[in-house]
$ cat work-v1.txt   # compact mmCIF, C-alpha atoms and all ligand atoms
# COMPACT_ATOMS: atom_id res chain seq x y z
CA MET A 1 29.54 -72.40 104.12
CA LEU A 2 29.28 -72.40 107.88
CA SER A 3 30.08 -75.58 109.75
CA GLY A 4 29.84 -76.33 113.47
CA ASN A 5 27.30 -75.40 116.11
CA VAL A 6 25.68 -72.07 115.41
CA ILE A 7 24.69 -70.10 118.51
CA SER A 8 22.76 -66.85 118.06
CA VAL A 9 22.93 -64.42 120.94
CA ILE A 10 19.59 -62.61 121.07
CA SER A 11 17.78 -60.36 123.53
CA GLY A 12 14.92 -58.28 122.26
CA LYS A 13 16.15 -55.31 124.25
CA GLY A 14 19.21 -53.21 123.44
CA GLY A 15 22.15 -52.59 125.71
CA VAL A 16 21.80 -55.67 127.89
CA GLY A 17 25.18 -57.14 126.88
CA LYS A 18 24.65 -59.28 123.77
CA SER A 19 27.87 -58.12 122.12
CA THR A 20 29.86 -58.49 125.34
CA VAL A 21 28.47 -61.99 125.86
CA SER A 22 29.08 -62.96 122.21
CA ALA A 23 32.68 -61.72 122.17
CA ASN A 24 33.67 -63.20 125.54
CA LEU A 25 31.96 -66.51 124.87
CA ALA A 26 33.78 -66.77 121.52
CA VAL A 27 37.14 -65.95 123.12
CA SER A 28 36.55 -68.44 125.97
CA LEU A 29 35.62 -71.24 123.55
CA SER A 30 38.76 -70.49 121.58
CA LYS A 31 40.82 -70.70 124.80
CA MET A 32 39.34 -74.17 125.27
CA GLY A 33 40.94 -75.12 121.95
CA LYS A 34 37.83 -74.82 119.81
CA GLU A 35 37.73 -73.38 116.28
CA VAL A 36 35.42 -70.40 116.63
CA ALA A 37 33.82 -67.83 114.35
CA LEU A 38 32.20 -64.66 115.64
CA ILE A 39 29.74 -62.93 113.31
CA ASP A 40 28.38 -59.51 114.14
CA PHE A 41 25.10 -58.93 112.33
CA ASP A 42 24.32 -55.71 114.16
CA ILE A 43 24.27 -53.37 111.18
CA TYR A 44 23.11 -50.25 113.02
CA GLY A 45 25.08 -50.65 116.22
CA SER A 46 28.04 -52.84 115.34
CA SER A 47 30.45 -53.01 118.26
CA ILE A 48 32.45 -56.24 117.83
CA PRO A 49 35.42 -54.72 115.91
CA SER A 50 36.09 -52.21 118.67
CA MET A 51 35.51 -54.76 121.47
CA MET A 52 37.90 -57.21 119.77
CA ASN A 53 40.37 -54.41 119.05
CA ILE A 54 40.17 -54.86 115.27
CA SER A 55 41.10 -51.79 113.28
CA HIS A 56 41.22 -53.18 109.72
CA GLY A 57 38.69 -54.92 107.50
CA PRO A 58 38.96 -58.38 105.95
CA LYS A 59 41.05 -59.18 102.86
CA SER A 60 39.69 -61.09 99.92
CA MET A 61 41.01 -63.92 97.76
CA ASN A 62 39.47 -65.19 94.50
CA ASN A 63 36.26 -63.31 95.22
CA ARG A 64 36.00 -64.85 98.66
CA ILE A 65 36.51 -63.11 101.98
CA ILE A 66 39.16 -63.97 104.56
CA PRO A 67 37.79 -63.26 108.06
CA VAL A 68 39.83 -61.11 110.44
CA GLU A 69 41.41 -62.99 113.32
CA SER A 70 41.55 -61.70 116.90
CA HIS A 71 42.07 -63.67 120.14
CA GLY A 72 42.15 -66.83 118.01
CA VAL A 73 38.60 -66.13 116.79
CA LYS A 74 37.64 -65.60 113.13
CA VAL A 75 35.57 -62.43 112.99
CA MET A 76 33.22 -60.93 110.40
CA SER A 77 31.29 -57.80 111.25
CA MET A 78 28.75 -55.55 109.61
CA GLY A 79 31.06 -52.85 110.93
CA PHE A 80 33.65 -53.88 108.29
CA ILE A 81 31.42 -52.73 105.47
CA VAL A 82 30.32 -49.48 107.06
CA LYS A 83 32.79 -46.69 106.37
CA ASN A 84 33.84 -44.11 108.98
CA ASN A 85 31.18 -45.13 111.49
CA ASP A 86 28.55 -43.48 109.25
CA PRO A 87 24.95 -44.24 110.18
CA VAL A 88 23.38 -46.82 107.86
CA VAL A 89 19.95 -46.75 106.30
CA TRP A 90 19.50 -50.11 104.62
CA ARG A 91 16.42 -51.86 103.42
CA GLY A 92 15.65 -55.50 104.16
CA PRO A 93 16.73 -57.07 100.83
CA MET A 94 20.17 -55.45 101.00
CA LEU A 95 20.65 -56.66 104.53
CA GLY A 96 19.64 -60.15 103.45
CA LYS A 97 22.31 -60.08 100.72
CA VAL A 98 25.06 -59.20 103.15
CA ILE A 99 23.92 -61.82 105.63
CA ASN A 100 23.95 -64.38 102.83
CA GLN A 101 27.44 -63.27 101.82
CA PHE A 102 28.77 -63.58 105.36
CA ILE A 103 27.43 -67.11 105.52
CA ASN A 104 28.41 -68.32 102.06
CA ASP A 105 31.29 -66.23 100.67
CA VAL A 106 33.66 -66.21 103.64
CA ILE A 107 36.49 -68.74 103.90
CA TRP A 108 35.56 -70.04 107.35
CA GLY A 109 37.34 -73.40 107.30
CA ASP A 110 36.24 -76.10 109.73
CA LEU A 111 34.52 -74.64 112.77
CA ASP A 112 33.36 -76.03 116.09
CA TYR A 113 31.31 -72.97 117.01
CA VAL A 114 29.80 -69.97 115.28
CA ILE A 115 28.67 -67.25 117.67
CA ILE A 116 26.33 -64.69 116.16
CA ASP A 117 25.89 -61.28 117.76
CA MET A 118 22.37 -60.28 116.80
CA PRO A 119 20.94 -56.78 116.73
CA PRO A 120 18.31 -56.03 119.38
CA GLY A 121 14.73 -56.85 118.52
CA THR A 122 12.92 -59.21 116.23
CA GLY A 123 13.35 -57.35 112.94
CA ASP A 124 14.63 -58.08 109.41
CA VAL A 125 18.02 -59.40 110.47
CA ALA A 126 16.58 -61.87 112.94
CA MET A 127 14.14 -63.13 110.31
CA ASP A 128 16.86 -63.50 107.66
CA VAL A 129 19.21 -65.28 110.01
CA ASN A 130 16.43 -67.59 111.15
CA ARG A 131 15.67 -68.40 107.52
CA LEU A 132 19.29 -68.81 106.36
CA ILE A 133 20.52 -70.74 109.40
CA PRO A 134 17.48 -72.76 110.46
CA ASN A 135 19.50 -75.09 112.71
CA SER A 136 20.90 -72.36 114.94
CA GLN A 137 20.47 -72.49 118.70
CA GLN A 138 19.79 -69.46 120.84
CA ILE A 139 21.23 -67.86 123.92
CA LEU A 140 18.90 -65.22 125.30
CA VAL A 141 20.56 -62.37 127.18
CA THR A 142 18.60 -60.32 129.66
CA THR A 143 19.16 -58.24 132.76
CA PRO A 144 17.09 -59.02 135.86
CA HIS A 145 15.04 -55.86 135.28
CA PRO A 146 11.39 -56.76 134.55
CA THR A 147 11.36 -54.55 131.42
CA SER A 148 14.32 -56.43 130.02
CA SER A 149 12.92 -59.88 130.73
CA HIS A 150 9.53 -58.83 129.37
CA VAL A 151 11.04 -57.76 126.04
CA ALA A 152 13.38 -60.76 126.00
CA GLU A 153 10.31 -62.97 126.25
CA ARG A 154 9.13 -61.64 122.89
CA ALA A 155 12.45 -62.48 121.19
CA GLY A 156 12.37 -65.84 122.91
CA LYS A 157 8.86 -66.58 121.67
CA MET A 158 9.90 -65.70 118.12
CA ALA A 159 12.75 -68.18 118.38
CA HIS A 160 10.29 -70.74 119.75
CA ASN A 161 7.88 -70.16 116.89
CA ASN A 162 10.71 -70.79 114.45
CA ASN A 163 11.47 -74.08 116.19
CA HIS A 164 14.88 -72.91 117.33
CA LYS A 165 16.44 -74.69 120.24
CA PHE A 166 17.41 -72.72 123.33
CA VAL A 167 20.78 -73.24 124.90
CA GLY A 168 19.57 -71.12 127.79
CA ILE A 169 19.31 -67.70 129.33
CA VAL A 170 22.29 -65.59 130.39
CA GLU A 171 21.40 -63.06 133.04
CA ASN A 172 23.84 -60.18 132.67
CA MET A 173 24.36 -57.33 135.15
CA SER A 174 22.77 -59.57 137.76
CA TYR A 175 24.28 -57.97 140.82
CA PHE A 176 27.08 -55.77 142.07
CA GLN A 177 29.48 -56.95 144.72
CA PRO A 178 31.95 -54.33 145.98
CA PRO A 179 35.53 -55.62 146.03
CA ASP A 180 36.37 -57.27 149.39
CA HIS A 181 32.69 -57.43 150.44
CA ASN A 182 30.44 -60.45 150.75
CA GLN A 183 27.24 -58.52 150.21
CA LYS A 184 25.69 -58.70 146.72
CA TYR A 185 23.47 -55.81 145.62
CA TYR A 186 20.71 -56.77 143.20
CA ILE A 187 20.44 -53.39 141.54
CA PHE A 188 18.04 -54.42 138.75
CA GLY A 189 15.99 -56.79 140.89
CA LYS A 190 16.08 -60.52 141.28
CA GLY A 191 14.24 -63.58 140.04
CA GLY A 192 12.90 -62.33 136.67
CA SER A 193 15.27 -64.52 134.67
CA GLU A 194 14.23 -67.74 136.39
CA GLN A 195 10.60 -66.89 135.65
CA LEU A 196 11.49 -66.17 132.04
CA ALA A 197 13.40 -69.45 131.78
CA SER A 198 10.45 -71.44 133.03
CA LYS A 199 8.04 -69.55 130.73
CA LEU A 200 10.22 -70.40 127.73
CA GLY A 201 10.95 -73.93 128.90
CA THR A 202 14.67 -73.38 129.16
CA GLU A 203 17.36 -72.89 131.82
CA LEU A 204 19.28 -70.03 133.36
CA ILE A 205 22.86 -70.95 132.38
CA ALA A 206 24.82 -68.00 133.77
CA ARG A 207 24.47 -65.12 136.15
CA LEU A 208 27.07 -62.45 135.42
CA PRO A 209 27.90 -59.65 137.87
CA ILE A 210 28.30 -55.99 137.05
CA ILE A 211 31.98 -55.14 137.03
CA ALA A 212 33.31 -51.67 136.24
CA PRO A 213 35.65 -51.60 133.23
CA ASN A 214 39.36 -51.32 133.77
CA GLU A 215 40.09 -47.99 132.14
CA LYS A 216 43.76 -48.80 131.71
CA ASP A 217 42.89 -51.85 129.60
CA PHE A 218 43.02 -50.98 125.88
CA GLU A 219 40.42 -53.69 125.30
CA PRO A 220 38.15 -53.40 128.36
CA SER A 221 35.25 -55.49 127.00
CA ILE A 222 37.29 -58.69 126.75
CA TYR A 223 37.77 -59.89 130.31
CA LYS A 224 41.26 -61.02 131.22
CA LYS A 225 42.50 -63.54 133.80
CA GLY A 226 42.11 -62.09 137.30
CA ASN A 227 38.70 -60.61 136.47
CA LEU A 228 35.77 -62.58 137.93
CA LEU A 229 33.93 -62.18 134.61
CA HIS A 230 36.81 -64.01 132.84
CA ASP A 231 36.16 -67.04 135.04
CA LYS A 232 32.39 -66.76 134.63
CA TYR A 233 32.76 -66.78 130.83
CA MET A 234 35.10 -69.79 130.95
CA GLU A 235 32.45 -71.60 133.04
CA LEU A 236 29.75 -70.61 130.57
CA ALA A 237 31.84 -71.83 127.60
CA ASP A 238 32.50 -75.11 129.38
CA ARG A 239 28.84 -75.58 130.24
CA LEU A 240 27.79 -74.80 126.66
CA ASP A 241 30.33 -77.22 125.25
CA SER A 242 29.27 -80.05 127.57
CA SER A 243 25.58 -79.48 126.93
CA ILE A 244 26.10 -79.51 123.17
CA ALA A 245 28.45 -82.50 123.20
N1 LIG A 301 28.58 -57.45 133.30
C1 LIG A 301 28.81 -56.19 132.96
N2 LIG A 301 29.31 -55.30 133.85
C2 LIG A 301 29.53 -54.01 133.51
N3 LIG A 301 29.29 -53.51 132.28
C3 LIG A 301 28.80 -54.34 131.34
C4 LIG A 301 28.53 -55.72 131.62
N4 LIG A 301 28.06 -56.29 130.49
C5 LIG A 301 28.02 -55.33 129.56
N5 LIG A 301 28.46 -54.16 130.05
C6 LIG A 301 28.53 -52.85 129.38
O1 LIG A 301 27.20 -52.48 129.02
C7 LIG A 301 27.17 -51.83 127.76
C8 LIG A 301 26.22 -52.58 126.82
O2 LIG A 301 26.78 -53.85 126.52
P1 LIG A 301 26.73 -54.44 125.03
O3 LIG A 301 27.18 -53.43 124.04
O4 LIG A 301 27.42 -55.75 125.07
O5 LIG A 301 25.16 -54.65 124.90
P2 LIG A 301 24.29 -55.01 123.61
O6 LIG A 301 23.12 -55.78 124.11
O7 LIG A 301 25.15 -55.66 122.59
O8 LIG A 301 23.86 -53.58 123.11
P3 LIG A 301 23.19 -53.20 121.70
O9 LIG A 301 21.78 -53.61 121.83
O10 LIG A 301 23.40 -51.75 121.59
O11 LIG A 301 23.92 -53.99 120.65
C9 LIG A 301 28.60 -51.82 127.27
O12 LIG A 301 29.17 -50.59 127.57
C10 LIG A 301 29.28 -52.94 128.06
O13 LIG A 301 30.65 -52.73 128.24
MG MG A 302 25.52 -55.13 120.58
$ encode --input "work-v1.txt" --output "structure tokens"
Amino acid sequence: MLSGNVISVISGKGGVGKSTVSANLAVSLSKMGKEVALIDFDIYGSSIPSMMNISHGPKSMNNRIIPVESHGVKVMSMGFIVKNNDPVVWRGPMLGKVINQFINDVIWGDLDYVIIDMPPGTGDVAMDVNRLIPNSQQILVTTPHPTSSHVAERAGKMAHNNNHKFVGIVENMSYFQPPDHNQKYYIFGKGGSEQLASKLGTELIARLPIIAPNEKDFEPSIYKKGNLLHDKYMELADRLDSSIA
């Protein structure tokens, strides 16, 4: 069974940074000394194993699954059950079974936080997760682009209709600031996330800049000390922890 505070990272739209936010938030919470699980339910576009630099699947013991550990975080991913990066065509009931298994048949131990990387949209997975983990809270990720916040609103409304609590909105790719410059460039626009937050009755809890990946880093999606995004994610983890406590 899953213990602890369950936080689903949702968006509606693809490619806005859900997986990046999920992975970095999980790692930051673990750095704060928390026991953290990271579950990747993105069956069609699973990216957590590669972001977390995990190259092997989980082991099992007495018919139960031992999650894979990386950066102090216990990880389970839909990617572990998909062989050779083959595309998957699964129907709803099968997906539901796997989701159930990840929740109930994994040896999670005592957890403070469970971060769930959700697939984009409001489809089968979102419905199953909402049903199986009714007490989960949501972080909504969007970019400032009006199309992104418009689609995020739909996912947010679905969460609302299911009586899920919002932790808040994370605006990713908010702006670009060239190194050694004070000027911020709002490439995808500005202000849409505040409007979305007030529409959904929640708060904007982080504004994360666009930062080009360090190509020399073998794990470029997990931000290290010295990267502004590392500090931003530590702030976000701290804010989340205080608001939940
Ligand atoms: N703040 C950022 N600055 C620069 N690049 C970023 C930032 N956040 C995310 N990215 C990059 O944007 C791409 C999309 O991010 P990510 O995979 O986390 O999005 P997603 O919402 O999980 O996508 P999908 O819907 O496909 O699951 C990735 O290549 C990621 O490295
Ligand atoms: Mg993703």
$ closest_atom_pairs --input "work-v1.txt" --of "chain A" --to "ligand MG 302 (chain A)" --cutoff "12 Å" --atoms "only C-alpha atoms and all ligand atoms" --output "CSV"
residue,atom,partner,partner_atom,distance
A:Val9,CA,A:MG302,MG,9.7
A:Ile10,CA,A:MG302,MG,9.6
A:Ser11,CA,A:MG302,MG,9.8
A:Gly12,CA,A:MG302,MG,11.2
A:Lys13,CA,A:MG302,MG,10.1
A:Gly14,CA,A:MG302,MG,7.2
A:Gly15,CA,A:MG302,MG,6.6
A:Val16,CA,A:MG302,MG,8.2
A:Gly17,CA,A:MG302,MG,6.6
A:Lys18,CA,A:MG302,MG,5.3
A:Ser19,CA,A:MG302,MG,4.1
A:Thr20,CA,A:MG302,MG,7.3
A:Val21,CA,A:MG302,MG,9.1
A:Ser22,CA,A:MG302,MG,8.8
A:Ala23,CA,A:MG302,MG,9.9
A:Ile39,CA,A:MG302,MG,11.5
A:Asp40,CA,A:MG302,MG,8.3
A:Phe41,CA,A:MG302,MG,9.1
A:Asp42,CA,A:MG302,MG,6.6
A:Ile43,CA,A:MG302,MG,9.6
A:Tyr44,CA,A:MG302,MG,9.3
A:Gly45,CA,A:MG302,MG,6.3
A:Ser46,CA,A:MG302,MG,6.2
A:Ser47,CA,A:MG302,MG,5.8
A:Ile48,CA,A:MG302,MG,7.5
A:Pro49,CA,A:MG302,MG,11.0
A:Ser50,CA,A:MG302,MG,11.1
A:Met51,CA,A:MG302,MG,10.0
A:Ser77,CA,A:MG302,MG,11.3
A:Met78,CA,A:MG302,MG,11.4
A:Gly79,CA,A:MG302,MG,11.4
A:Ile116,CA,A:MG302,MG,10.6
A:Asp117,CA,A:MG302,MG,6.8
A:Met118,CA,A:MG302,MG,7.1
A:Pro119,CA,A:MG302,MG,6.2
A:Pro120,CA,A:MG302,MG,7.4
A:Gly121,CA,A:MG302,MG,11.1
A:Val141,CA,A:MG302,MG,11.0
A:Ser221,CA,A:MG302,MG,11.7
$ axis_aligned_box --input "work-v1.txt" --around "stretch 170-183 of chain A" --padding-each-side "6 Å" --output "lines of an AutoDock Vina configuration file"
center_x = 28.9
center_y = -60.0
center_z = 140.6
size_x = 27.0
size_y = 23.3
size_z = 32.4
$ atom_distance --input "work-v1.txt" --atom1 "atom CA of A:Asp110" --atom2 "atom CA of A:Ser3"
6.2 Å
$ residues_around --input "work-v1.txt" --residues "stretch 226-231 of chain A" --least-positions-apart "5" --cutoff "12 Å" --atoms "all atoms listed in the file" --output "ChimeraX atom specification"
/A:20-21,23-25,27-29,31,172-174,176-177,179,206-214,217,220-221,236-238
$ closest_residue --input "work-v1.txt" --among "A:Met1, A:Leu196, A:Leu95, A:Val75" --to "A:His145" --atoms "all atoms listed in the file"
A:Leu196
$ residues_around --input "work-v1.txt" --residues "A:Gly192" --least-positions-apart "6" --cutoff "10 Å" --atoms "only C-alpha atoms" --output "number ranges by chain"
A: 142-150, 171
$ write_last_selection --input "work-v1.txt" --atoms "C-alpha atoms" --output "short mmCIF file (atom, residue, chain, number, x, y, z; two decimals), keeping the file's coordinate frame"
data_model
loop_
_atom_site.label_atom_id
_atom_site.label_comp_id
_atom_site.auth_asym_id
_atom_site.auth_seq_id
_atom_site.Cartn_x
_atom_site.Cartn_y
_atom_site.Cartn_z
CA THR A 142 18.60 -60.32 129.66
CA THR A 143 19.16 -58.24 132.76
CA PRO A 144 17.09 -59.02 135.86
CA HIS A 145 15.04 -55.86 135.28
CA PRO A 146 11.39 -56.76 134.55
CA THR A 147 11.36 -54.55 131.42
CA SER A 148 14.32 -56.43 130.02
CA SER A 149 12.92 -59.88 130.73
CA HIS A 150 9.53 -58.83 129.37
CA GLU A 171 21.40 -63.06 133.04
#
$ closest_residue --input "work-v1.txt" --among "A:Gly201, A:Val73, A:Asp241, A:Tyr223" --to "ligand LIG 301 (chain A)" --atoms "all atoms listed in the file"
A:Tyr223
$ residues_around --input "work-v1.txt" --residues "A:Leu2" --least-positions-apart "3" --cutoff "10 Å" --atoms "all atoms listed in the file" --output "PyMOL selection string"
chain A and resi 5-6+37+102-114+133
